[in-house]
>>> print(open('protein-v2.txt').read())   # compact mmCIF, C-alpha atoms
# COMPACT_ATOMS: atom_id res chain seq x y z
CA MET A 1 73.50 -22.03 3.09
CA THR A 2 70.89 -19.98 4.96
CA ALA A 3 72.38 -17.14 7.02
CA PRO A 4 72.17 -17.78 10.79
CA HIS A 5 69.65 -14.99 11.35
CA PHE A 6 67.22 -16.60 8.88
CA ARG A 7 67.61 -20.17 10.09
CA SER A 8 64.82 -21.85 11.97
CA ALA A 9 65.08 -22.06 15.74
CA LYS A 10 65.52 -25.81 15.44
CA GLN A 11 68.42 -25.38 13.00
CA LEU A 12 69.99 -22.67 15.13
CA ALA A 13 69.75 -24.83 18.26
CA ALA A 14 71.47 -27.68 16.40
CA ASP A 15 74.24 -25.34 15.23
CA ILE A 16 74.76 -24.17 18.81
CA ARG A 17 74.94 -27.72 20.17
CA ARG A 18 77.49 -28.63 17.49
CA ARG A 19 79.55 -25.53 18.35
CA ARG A 20 79.14 -24.06 14.88
CA ILE A 21 78.03 -20.81 16.51
CA GLY A 22 78.23 -19.69 20.12
CA CYS A 23 75.28 -18.57 22.23
CA LEU A 24 76.71 -15.10 22.81
CA GLU A 25 77.76 -14.92 19.17
CA ALA A 26 74.21 -15.70 18.05
CA LEU A 27 72.73 -13.16 20.45
CA ASP A 28 75.10 -10.42 19.32
CA LEU A 29 74.25 -11.23 15.70
CA PHE A 30 70.54 -10.62 16.32
CA LEU A 31 71.23 -7.54 18.41
CA ALA A 32 73.37 -6.08 15.63
CA ARG A 33 70.62 -6.71 13.10
CA GLY A 34 68.17 -5.04 15.45
CA ASP A 35 70.40 -1.98 15.70
CA ARG A 36 70.54 -1.83 11.91
CA PHE A 37 66.97 -2.61 10.88
CA ASN A 38 64.64 -2.19 13.83
CA PRO A 39 64.54 1.64 13.67
CA GLN A 40 62.67 1.32 10.35
CA LEU A 41 60.46 -1.55 11.51
CA ASN A 42 59.78 -0.76 15.16
CA ALA A 43 59.15 -4.47 15.75
CA ILE A 44 61.18 -4.90 18.95
CA ILE A 45 60.09 -2.27 21.46
CA ALA A 46 61.75 -3.35 24.73
CA THR A 47 65.02 -5.13 25.50
CA ASP A 48 67.09 -6.31 28.45
CA VAL A 49 70.44 -6.72 26.73
CA ASP A 50 72.59 -6.98 29.86
CA ALA A 51 70.53 -9.85 31.27
CA ALA A 52 70.47 -11.57 27.89
CA ARG A 53 74.25 -11.38 27.51
CA ARG A 54 74.75 -12.78 31.01
CA ARG A 55 72.49 -15.71 30.17
CA ALA A 56 74.18 -16.28 26.80
CA ARG A 57 77.58 -16.46 28.52
CA GLN A 58 76.15 -18.94 31.02
CA ALA A 59 74.74 -20.99 28.13
CA ASP A 60 78.16 -21.09 26.46
CA ALA A 61 79.78 -22.14 29.73
CA ALA A 62 77.23 -24.92 30.19
CA LEU A 63 77.96 -26.32 26.74
CA ARG A 64 81.68 -26.31 27.43
CA LYS A 65 80.87 -28.62 30.34
CA GLY A 66 78.76 -30.82 28.10
CA LYS A 67 75.45 -29.66 29.55
CA ALA A 68 72.46 -28.53 27.49
CA TRP A 69 69.51 -26.85 29.20
CA GLY A 70 66.94 -28.06 26.69
CA PRO A 71 65.99 -28.29 23.00
CA LEU A 72 66.29 -24.52 22.49
CA HIS A 73 69.59 -24.10 24.32
CA GLY A 74 71.12 -20.73 23.50
CA VAL A 75 68.54 -19.68 20.89
CA PRO A 76 67.94 -15.90 21.12
CA MET A 77 64.25 -15.05 21.19
CA THR A 78 61.72 -12.31 21.80
CA VAL A 79 58.11 -12.53 22.98
CA LYS A 80 54.96 -10.56 22.35
CA GLU A 81 54.73 -7.49 24.57
CA SER A 82 51.68 -8.88 26.40
CA TYR A 83 53.75 -11.64 28.06
CA ASP A 84 55.03 -10.77 31.53
CA VAL A 85 58.83 -10.76 31.68
CA VAL A 86 60.77 -9.57 34.70
CA GLY A 87 62.82 -6.50 33.78
CA MET A 88 60.61 -5.37 30.89
CA PRO A 89 57.25 -3.54 30.90
CA THR A 90 53.91 -5.12 30.03
CA THR A 91 51.51 -2.47 28.71
CA TRP A 92 49.30 -4.14 26.06
CA GLY A 93 49.84 -0.85 24.22
CA LEU A 94 47.90 1.14 26.83
CA SER A 95 49.24 4.48 28.05
CA GLU A 96 47.87 3.90 31.56
CA LEU A 97 50.08 0.78 31.89
CA LYS A 98 53.26 2.39 30.61
CA GLY A 99 55.08 1.87 33.91
CA ASN A 100 53.76 -1.64 34.62
CA MET A 101 56.75 -3.85 35.53
CA PRO A 102 55.60 -7.39 36.32
CA PRO A 103 57.03 -9.09 39.44
CA ARG A 104 57.28 -12.51 37.78
CA ASN A 105 57.49 -14.13 34.37
CA ALA A 106 54.57 -15.60 32.48
CA LEU A 107 54.45 -19.37 32.85
CA ALA A 108 55.16 -19.83 29.13
CA VAL A 109 58.23 -17.60 29.46
CA ASP A 110 59.55 -19.74 32.31
CA ARG A 111 58.96 -22.87 30.26
CA LEU A 112 60.82 -21.41 27.28
CA LEU A 113 63.68 -20.37 29.54
CA GLY A 114 63.69 -23.89 30.92
CA ALA A 115 64.09 -25.14 27.34
CA GLY A 116 67.22 -23.00 27.06
CA VAL A 117 66.27 -19.83 25.19
CA VAL A 118 68.10 -16.54 25.63
CA LEU A 119 65.27 -14.01 25.95
CA PHE A 120 66.38 -10.51 25.01
CA GLY A 121 63.30 -8.46 24.09
CA LYS A 122 59.59 -7.92 23.51
CA THR A 123 57.71 -7.11 20.31
CA ASN A 124 55.00 -4.62 19.46
CA VAL A 125 51.20 -4.95 19.56
CA PRO A 126 48.08 -2.87 18.91
CA SER A 127 46.24 -1.44 21.90
CA TRP A 128 44.36 -4.14 23.81
CA LEU A 129 45.80 -6.68 21.31
CA ALA A 130 42.67 -5.92 19.33
CA ASP A 131 43.53 -5.19 15.71
CA TRP A 132 45.04 -6.56 12.53
CA GLN A 133 47.72 -3.89 12.61
CA SER A 134 50.32 -3.08 15.27
CA TYR A 135 50.07 0.53 16.42
CA ASN A 136 49.64 1.82 19.96
CA PRO A 137 50.26 5.18 21.66
CA VAL A 138 53.04 3.80 23.85
CA TYR A 139 55.37 2.39 21.19
CA GLY A 140 54.01 3.65 17.87
CA THR A 141 53.63 1.74 14.60
CA THR A 142 55.29 -1.45 13.44
CA ASN A 143 55.96 -1.76 9.70
CA ASN A 144 56.05 -4.80 7.46
CA PRO A 145 59.65 -5.75 6.55
CA TRP A 146 58.58 -6.67 3.02
CA ASP A 147 57.10 -3.20 2.43
CA LEU A 148 57.53 -0.49 5.06
CA SER A 149 54.39 1.28 3.86
CA ARG A 150 52.24 -1.71 4.87
CA THR A 151 51.20 -3.30 8.13
CA PRO A 152 52.68 -6.56 9.44
CA GLY A 153 49.21 -7.49 10.71
CA GLY A 154 48.23 -8.01 14.30
CA SER A 155 47.97 -8.39 17.04
CA SER A 156 51.26 -10.32 17.10
CA GLY A 157 52.55 -8.00 14.39
CA GLY A 158 55.84 -7.14 16.03
CA SER A 159 56.51 -10.84 16.53
CA ALA A 160 55.96 -11.69 12.86
CA ALA A 161 57.90 -8.66 11.60
CA ALA A 162 60.89 -9.49 13.82
CA LEU A 163 60.95 -13.08 12.56
CA ALA A 164 60.60 -12.09 8.91
CA ALA A 165 63.40 -9.53 9.18
CA GLY A 166 65.78 -11.90 10.96
CA LEU A 167 65.81 -9.86 14.17
CA THR A 168 65.02 -12.81 16.46
CA GLY A 169 65.38 -16.57 16.49
CA PHE A 170 61.98 -17.55 17.85
CA GLU A 171 58.76 -15.95 19.07
CA ALA A 172 55.59 -16.48 21.09
CA GLY A 173 52.28 -14.77 20.34
CA SER A 174 48.62 -14.94 21.30
CA ASP A 175 45.46 -15.45 19.28
CA ILE A 176 41.68 -15.07 19.48
CA GLY A 177 40.62 -13.92 16.01
CA ALA A 178 43.84 -14.64 14.03
CA SER A 179 46.31 -12.59 16.12
CA ILE A 180 48.98 -15.21 15.43
CA ARG A 181 47.76 -16.41 12.05
CA ASN A 182 47.09 -13.01 10.47
CA PRO A 183 50.56 -11.50 11.00
CA ALA A 184 52.25 -14.81 10.17
CA HIS A 185 50.41 -14.64 6.84
CA TYR A 186 51.19 -10.95 6.26
CA CYS A 187 54.91 -11.43 6.98
CA GLY A 188 55.47 -14.87 5.46
CA VAL A 189 56.39 -16.74 8.64
CA TYR A 190 54.85 -19.60 10.63
CA GLY A 191 52.37 -19.38 13.48
CA HIS A 192 50.15 -21.83 15.34
CA LYS A 193 46.95 -21.24 17.29
CA PRO A 194 46.82 -24.21 19.68
CA THR A 195 43.66 -25.91 20.88
CA TYR A 196 42.04 -23.88 23.65
CA GLY A 197 43.30 -24.79 27.10
CA ILE A 198 46.39 -26.86 26.31
CA VAL A 199 48.88 -23.97 26.72
CA PRO A 200 48.38 -22.17 30.07
CA PRO A 201 48.27 -18.40 29.50
CA ARG A 202 49.06 -17.37 33.07
CA GLY A 203 51.11 -14.20 32.95
CA GLN A 204 49.81 -13.20 29.53
CA ALA A 205 46.97 -11.04 30.81
CA LEU A 206 46.16 -7.55 31.99
CA PRO A 207 47.10 -6.86 35.63
CA GLY A 208 44.74 -8.46 38.10
CA ARG A 209 43.25 -10.96 35.67
CA VAL A 210 43.73 -14.64 36.48
CA ALA A 211 41.09 -16.61 34.56
CA GLN A 212 41.80 -17.46 30.92
CA GLY A 213 39.80 -15.39 28.46
CA ASP A 214 37.22 -17.15 26.32
CA ILE A 215 38.76 -18.62 23.13
CA SER A 216 42.03 -16.77 23.83
CA VAL A 217 45.20 -18.85 23.46
CA ILE A 218 48.95 -18.38 23.32
CA GLY A 219 51.24 -20.20 20.93
CA PRO A 220 54.55 -20.37 19.09
CA MET A 221 55.73 -18.45 16.04
CA GLY A 222 58.83 -19.24 13.99
CA ARG A 223 60.45 -19.63 10.61
CA SER A 224 59.48 -23.27 10.08
CA ALA A 225 56.78 -25.79 10.89
CA ASP A 226 59.39 -27.68 12.94
CA ASP A 227 59.72 -24.59 15.13
CA LEU A 228 56.00 -24.64 15.83
CA ALA A 229 56.06 -28.30 16.85
CA LEU A 230 59.09 -27.71 19.06
CA GLY A 231 57.63 -24.57 20.61
CA LEU A 232 54.30 -26.25 21.33
CA SER A 233 56.06 -29.19 22.99
CA VAL A 234 57.74 -26.72 25.35
CA MET A 235 54.79 -24.40 26.04
CA ALA A 236 51.93 -26.92 26.29
CA GLY A 237 50.75 -28.83 29.35
CA ALA A 238 48.73 -28.18 32.48
CA ASP A 239 50.05 -25.76 35.09
CA GLU A 240 50.67 -26.85 38.68
CA ILE A 241 47.04 -26.24 39.65
CA ASP A 242 45.26 -27.83 36.70
CA GLY A 243 47.87 -30.60 36.68
CA ALA A 244 46.18 -32.10 39.71
CA GLY A 245 43.24 -32.99 37.47
CA TRP A 246 44.58 -33.59 33.98
CA ARG A 247 47.74 -34.04 31.94
CA LEU A 248 48.44 -33.50 28.27
CA GLU A 249 49.41 -36.56 26.25
CA LEU A 250 49.29 -35.64 22.58
CA PRO A 251 49.62 -38.69 20.30
CA ALA A 252 52.22 -38.73 17.56
CA PRO A 253 50.82 -37.72 14.15
CA ARG A 254 49.35 -40.68 12.27
CA LYS A 255 50.18 -39.12 8.93
CA LYS A 256 53.81 -38.68 7.93
CA ALA A 257 53.70 -37.19 4.42
CA LEU A 258 51.74 -34.42 2.73
CA ARG A 259 50.16 -36.95 0.36
CA ASP A 260 48.42 -38.51 3.39
CA PHE A 261 46.40 -35.37 4.12
CA LYS A 262 43.29 -33.85 2.63
CA VAL A 263 43.55 -30.09 2.20
CA ALA A 264 40.52 -27.82 2.06
CA VAL A 265 40.78 -24.58 0.12
CA MET A 266 38.39 -21.75 0.94
CA LEU A 267 38.81 -18.83 -1.42
CA SER A 268 35.97 -16.53 -0.42
CA ASP A 269 32.86 -16.20 1.70
CA PRO A 270 29.42 -14.79 0.90
CA VAL A 271 29.65 -12.30 3.77
CA SER A 272 33.31 -11.41 3.22
CA GLU A 273 34.16 -11.36 -0.46
CA VAL A 274 37.78 -11.80 -1.49
CA ASP A 275 39.03 -9.72 -4.42
CA ALA A 276 38.95 -11.60 -7.70
CA GLU A 277 42.65 -10.89 -8.27
CA VAL A 278 43.53 -12.62 -5.00
CA GLN A 279 41.23 -15.55 -5.75
CA ALA A 280 42.83 -15.96 -9.16
CA ARG A 281 46.21 -16.43 -7.51
CA LEU A 282 44.97 -18.77 -4.83
CA ASP A 283 42.83 -21.09 -6.92
CA ILE A 284 45.67 -22.05 -9.26
CA ALA A 285 48.24 -23.14 -6.68
CA PRO A 286 46.51 -26.26 -5.26
CA ALA A 287 45.71 -27.68 -8.68
CA GLN A 288 49.26 -27.08 -9.88
CA THR A 289 50.59 -28.81 -6.79
CA VAL A 290 48.53 -31.91 -7.49
CA ALA A 291 49.41 -31.83 -11.17
CA MET A 292 53.15 -31.88 -10.45
CA GLY A 293 53.14 -35.66 -10.32
CA ASP A 294 53.79 -38.60 -8.07
CA ASP A 295 54.91 -36.55 -5.08
CA LEU A 296 51.30 -35.70 -4.23
CA PRO A 297 49.10 -38.30 -5.91
CA ASP A 298 46.25 -38.29 -3.42
CA LEU A 299 45.99 -34.66 -2.35
CA ALA A 300 42.35 -33.59 -2.12
CA LEU A 301 41.94 -29.93 -2.93
CA ALA A 302 38.71 -29.27 -1.09
CA SER A 303 35.26 -30.59 -0.37
CA ARG A 304 33.08 -31.06 -3.44
CA SER A 305 30.52 -28.61 -2.14
CA ALA A 306 33.03 -25.76 -1.89
CA LEU A 307 35.83 -26.56 -4.28
CA PHE A 308 36.41 -23.14 -5.75
CA VAL A 309 34.52 -19.91 -6.17
CA ALA A 310 32.90 -20.23 -9.57
CA PRO A 311 35.12 -19.09 -12.43
CA ALA A 312 33.71 -16.43 -14.70
CA ASP A 313 33.17 -18.90 -17.52
CA ALA A 314 30.36 -21.34 -16.67
CA HIS A 315 31.61 -23.96 -19.11
CA ALA A 316 35.05 -23.87 -17.49
CA GLU A 317 33.40 -24.31 -14.11
CA VAL A 318 31.56 -27.42 -15.30
CA ARG A 319 34.76 -28.88 -16.67
CA ALA A 320 36.63 -28.08 -13.44
CA ARG A 321 34.02 -29.72 -11.26
CA ALA A 322 33.82 -32.75 -13.54
CA ALA A 323 37.58 -33.07 -13.28
CA TRP A 324 37.27 -32.91 -9.50
CA VAL A 325 35.08 -36.03 -9.48
CA THR A 326 37.86 -37.96 -11.19
CA LEU A 327 40.54 -36.29 -9.07
CA ALA A 328 38.81 -37.42 -5.90
CA ARG A 329 39.29 -40.98 -7.16
CA GLY A 330 43.01 -40.45 -7.60
CA GLY A 331 43.39 -39.43 -11.24
CA ARG A 332 46.51 -37.40 -12.06
CA GLY A 333 45.22 -36.61 -15.51
CA ALA A 334 42.14 -35.07 -13.94
CA ALA A 335 44.37 -32.90 -11.78
CA ARG A 336 46.06 -31.47 -14.85
CA GLU A 337 42.69 -30.96 -16.51
CA LEU A 338 41.43 -29.13 -13.45
CA CYS A 339 44.49 -26.93 -13.42
CA ASP A 340 44.09 -26.13 -17.13
CA ALA A 341 40.41 -25.32 -16.69
CA LEU A 342 41.10 -22.94 -13.85
CA LEU A 343 43.87 -21.21 -15.78
CA ARG A 344 41.58 -20.68 -18.76
CA ALA A 345 38.72 -19.51 -16.54
CA ARG A 346 40.97 -16.87 -15.00
CA GLY A 347 42.31 -15.77 -18.37
CA ARG A 348 45.84 -17.04 -17.73
>>> encode(input="protein-v2.txt", output="C-alpha cells")
Amino acid sequence: MTAPHFRSAKQLAADIRRRRIGCLEALDLFLARGDRFNPQLNAIIATDVDAARRRARQADAALRKGKAWGPLHGVPMTVKESYDVVGMPTTWGLSELKGNMPPRNALAVDRLLGAGVVLFGKTNVPSWLADWQSYNPVYGTTNNPWDLSRTPGGSSGGSAAALAAGLTGFEAGSDIGASIRNPAHYCGVYGHKPTYGIVPPRGQALPGRVAQGDISVIGPMGRSADDLALGLSVMAGADEIDGAGWRLELPAPRKKALRDFKVAVMLSDPVSEVDAEVQARLDIAPAQTVAMGDDLPDLALASRSALFVAPADAHAEVRARAAWVTLARGGRGAARELCDALLRARGR
C-alpha cells in the first residue's frame, strides 16, 4: 500500500473521510517529513504551522460531528509562493518585496480552503516567476528530490519538488510558458495548465496589479490525474464580478478510456533540437504501448506528417512510416512492426 505521504490528494481525502487517518495526524506527518527532508530540498520556504494545526483540529472536530467541508476535507497542502495567503509573505522572489504581507487571500486559496484543505505553507519560485529553475535571492535554490545536484524546473519548482518528495498533499501553481508543466515533468508529478480565463487569478499577482496577465493562468498540481480534475473543479469558475456576465459549465468528457483518444507525439523541433539520446527513449514508448495488445487497439501515435523524427537508417524510416499507414487503420501487427523498426533504427 502506498504510504500516506505519497498518496494522491483524492486518496488522502477518502482516507480522512473514512477515519483511516486524522486531519491533524496527516498534517503532522507532512510537517515531520518537511523537517527531515526540506533542508536539503528548500522546496517549502514559508509556513504557518500554528494556524494549520488549529484548522486541522477544527477539521477533525467537524468530521466527528459528521460534517465534511468539501472534497478535500483535511488534506494538507502548500501553494506556490506567488499566491497571496494571509500570514505568509508574497515576494515573487524579489528582495524589494521581502516584507510584503498580503491583507487577504488569493481567490483560489479561498476556494481551496472552502473545499476543506489545511494550508500550511508556500513553495519556492525563481525571481519574477520567470525561469525553468527555482532560485531567488530571498529564499535561495530549490533542488530536485530525485537528484539534489539538478533543478526541479520552474517556475513552480518548489511546488513540484514538494509533491515529489512527499512533503505536501496537494499544490497550486501558475503557468505562462510551462511554469506548471516544466517542473511537473522534471519532478515526475502531475500538473495542468487550464484554458485561459477559466480560473480567476486574483491574488496571484504583484502588489497593485488587478488585471490578468496575457496568457498567464493558475492551475492545480498533484500526484495523480484525478487530483488535477478535482483541483480544477474547485479552482475554476468566474469570480463575483465576471460571474455577472458568464458562468463555467464544462461538459463531462465524451471519452472514457485511453483507447478512445488520439495521442500526438512530438519528439523534436527544427528550431529547438532534442538530443538524439532523449529522442531514442521517447520514440520507442508509444509504439510499445500500442503493441502491448487489446488494451490499446486504436491508439494513434501521431499525425502522419510528423510521426517521428527520422531514424538514422532511411530504410527503417520507410518501413516505420509504411507500418504507420496500416496502424492508422487499426492493425496490431503493424504496431509491432513499427516498434521493431524503431528499435532497429535506434540500434536497440
>>> axis_aligned_box(input="protein-v2.txt", around="segment 194-213 of chain A", padding_each_side="5 Å", output="AutoDock Vina command-line options")
--center_x 45.5 --center_y -16.9 --center_z 28.9 --size_x 21.3 --size_y 30.0 --size_z 28.4
>>> atom_distance(input="protein-v2.txt", atom1="atom CA of Gly173 of chain A", atom2="atom CA of Gly219 of chain A")
5.6 Å
>>> atom_distance(input="protein-v2.txt", atom1="atom CA of Leu129 of chain A", atom2="atom CA of Ser224 of chain A")
24.3 Å
>>> residues_around(input="protein-v2.txt", residues="segment 212-214 of chain A", least_positions_apart="5", cutoff="10 Å", atoms="all atoms listed in the file", output="list of chain:residue names")
A:Ile176, A:Tyr196, A:Gly197, A:Pro200, A:Pro201, A:Arg202, A:Gln204, A:Ala205
>>> atom_distance(input="protein-v2.txt", atom1="atom CA of Glu273 of chain A", atom2="atom CA of Ala184 of chain A")
21.3 Å
>>> residues_around(input="protein-v2.txt", residues="Ala225 of chain A", least_positions_apart="3", cutoff="7 Å", atoms="only C-alpha atoms", output="NGL selection string")
:A and (190 or 228-229)
>>> write_last_selection(input="protein-v2.txt", atoms="C-alpha atoms", output="PDB file, in the frame of the given file")
ATOM      1  CA  TYR A 190      54.850 -19.600  10.630  1.00  0.00           C
ATOM      2  CA  LEU A 228      56.000 -24.640  15.830  1.00  0.00           C
ATOM      3  CA  ALA A 229      56.060 -28.300  16.850  1.00  0.00           C
TER       4      ALA A 229
END
>>> residues_around(input="protein-v2.txt", residues="segment 37-49 of chain A", least_positions_apart="5", cutoff="8 Å", atoms="all atoms listed in the file", output="number ranges by chain")
A: 78, 87-89, 120-124, 139-145, 148, 157-159, 161-162, 165, 167
>>> residues_around(input="protein-v2.txt", residues="Ala52 of chain A", least_positions_apart="3", cutoff="10 Å", atoms="all atoms listed in the file", output="PyMOL selection string")
chain A and resi 24+27-28+47-49+55-58+76-77+117-121
>>> write_last_selection(input="protein-v2.txt", atoms="C-alpha atoms", output="PDB file, in the coordinates of the input")
ATOM      1  CA  LEU A  24      76.710 -15.100  22.810  1.00  0.00           C
ATOM      2  CA  LEU A  27      72.730 -13.160  20.450  1.00  0.00           C
ATOM      3  CA  ASP A  28      75.100 -10.420  19.320  1.00  0.00           C
ATOM      4  CA  THR A  47      65.020  -5.130  25.500  1.00  0.00           C
ATOM      5  CA  ASP A  48      67.090  -6.310  28.450  1.00  0.00           C
ATOM      6  CA  VAL A  49      70.440  -6.720  26.730  1.00  0.00           C
ATOM      7  CA  ARG A  55      72.490 -15.710  30.170  1.00  0.00           C
ATOM      8  CA  ALA A  56      74.180 -16.280  26.800  1.00  0.00           C
ATOM      9  CA  ARG A  57      77.580 -16.460  28.520  1.00  0.00           C
ATOM     10  CA  GLN A  58      76.150 -18.940  31.020  1.00  0.00           C
ATOM     11  CA  PRO A  76      67.940 -15.900  21.120  1.00  0.00           C
ATOM     12  CA  MET A  77      64.250 -15.050  21.190  1.00  0.00           C
ATOM     13  CA  VAL A 117      66.270 -19.830  25.190  1.00  0.00           C
ATOM     14  CA  VAL A 118      68.100 -16.540  25.630  1.00  0.00           C
ATOM     15  CA  LEU A 119      65.270 -14.010  25.950  1.00  0.00           C
ATOM     16  CA  PHE A 120      66.380 -10.510  25.010  1.00  0.00           C
ATOM     17  CA  GLY A 121      63.300  -8.460  24.090  1.00  0.00           C
TER      18      GLY A 121
END
>>> closest_residue(input="protein-v2.txt", among="A:Phe170, A:Phe261, A:Trp92, A:Trp246", to="His5 of chain A", atoms="only C-alpha atoms")
A:Phe170
>>> residues_around(input="protein-v2.txt", residues="Pro126 of chain A", least_positions_apart="4", cutoff="8 Å", atoms="all atoms listed in the file", output="list of chain:residue names")
A:Trp92, A:Gly93, A:Ala130, A:Asp131, A:Trp132, A:Gln133, A:Ser134, A:Tyr135, A:Asn136, A:Gly154, A:Ser155
>>> write_last_selection(input="protein-v2.txt", atoms="C-alpha atoms", output="short mmCIF file (atom, residue, chain, number, x, y, z; two decimals), keeping the file's coordinate frame")
data_model
loop_
_atom_site.label_atom_id
_atom_site.label_comp_id
_atom_site.auth_asym_id
_atom_site.auth_seq_id
_atom_site.Cartn_x
_atom_site.Cartn_y
_atom_site.Cartn_z
CA TRP A 92 49.30 -4.14 26.06
CA GLY A 93 49.84 -0.85 24.22
CA ALA A 130 42.67 -5.92 19.33
CA ASP A 131 43.53 -5.19 15.71
CA TRP A 132 45.04 -6.56 12.53
CA GLN A 133 47.72 -3.89 12.61
CA SER A 134 50.32 -3.08 15.27
CA TYR A 135 50.07 0.53 16.42
CA ASN A 136 49.64 1.82 19.96
CA GLY A 154 48.23 -8.01 14.30
CA SER A 155 47.97 -8.39 17.04
#
>>> closest_residue(input="protein-v2.txt", among="A:Leu258, A:Ala160, A:Val199, A:Ala59", to="Leu72 of chain A", atoms="all atoms listed in the file")
A:Ala59
>>> closest_residue(input="protein-v2.txt", among="A:Ala115, A:Met1, A:Arg36, A:Gly74", to="Ile16 of chain A", atoms="only C-alpha atoms")
A:Gly74
>>> residues_near_point(input="protein-v2.txt", point="(78.8, -26.5, 23.8)", cutoff="9 Å", atoms="all atoms listed in the file", output="list in words")
Ile16, Arg17, Arg18, Arg19, Gly22, Cys23, Ala59, Asp60, Ala61, Ala62, Leu63, Arg64, Lys65, Gly66, Lys67 and Ala68 of chain A
>>> closest_residue(input="protein-v2.txt", among="A:Pro253, A:Gly245, A:Pro207, A:Gly188", to="Gly222 of chain A", atoms="only C-alpha atoms")
A:Gly188
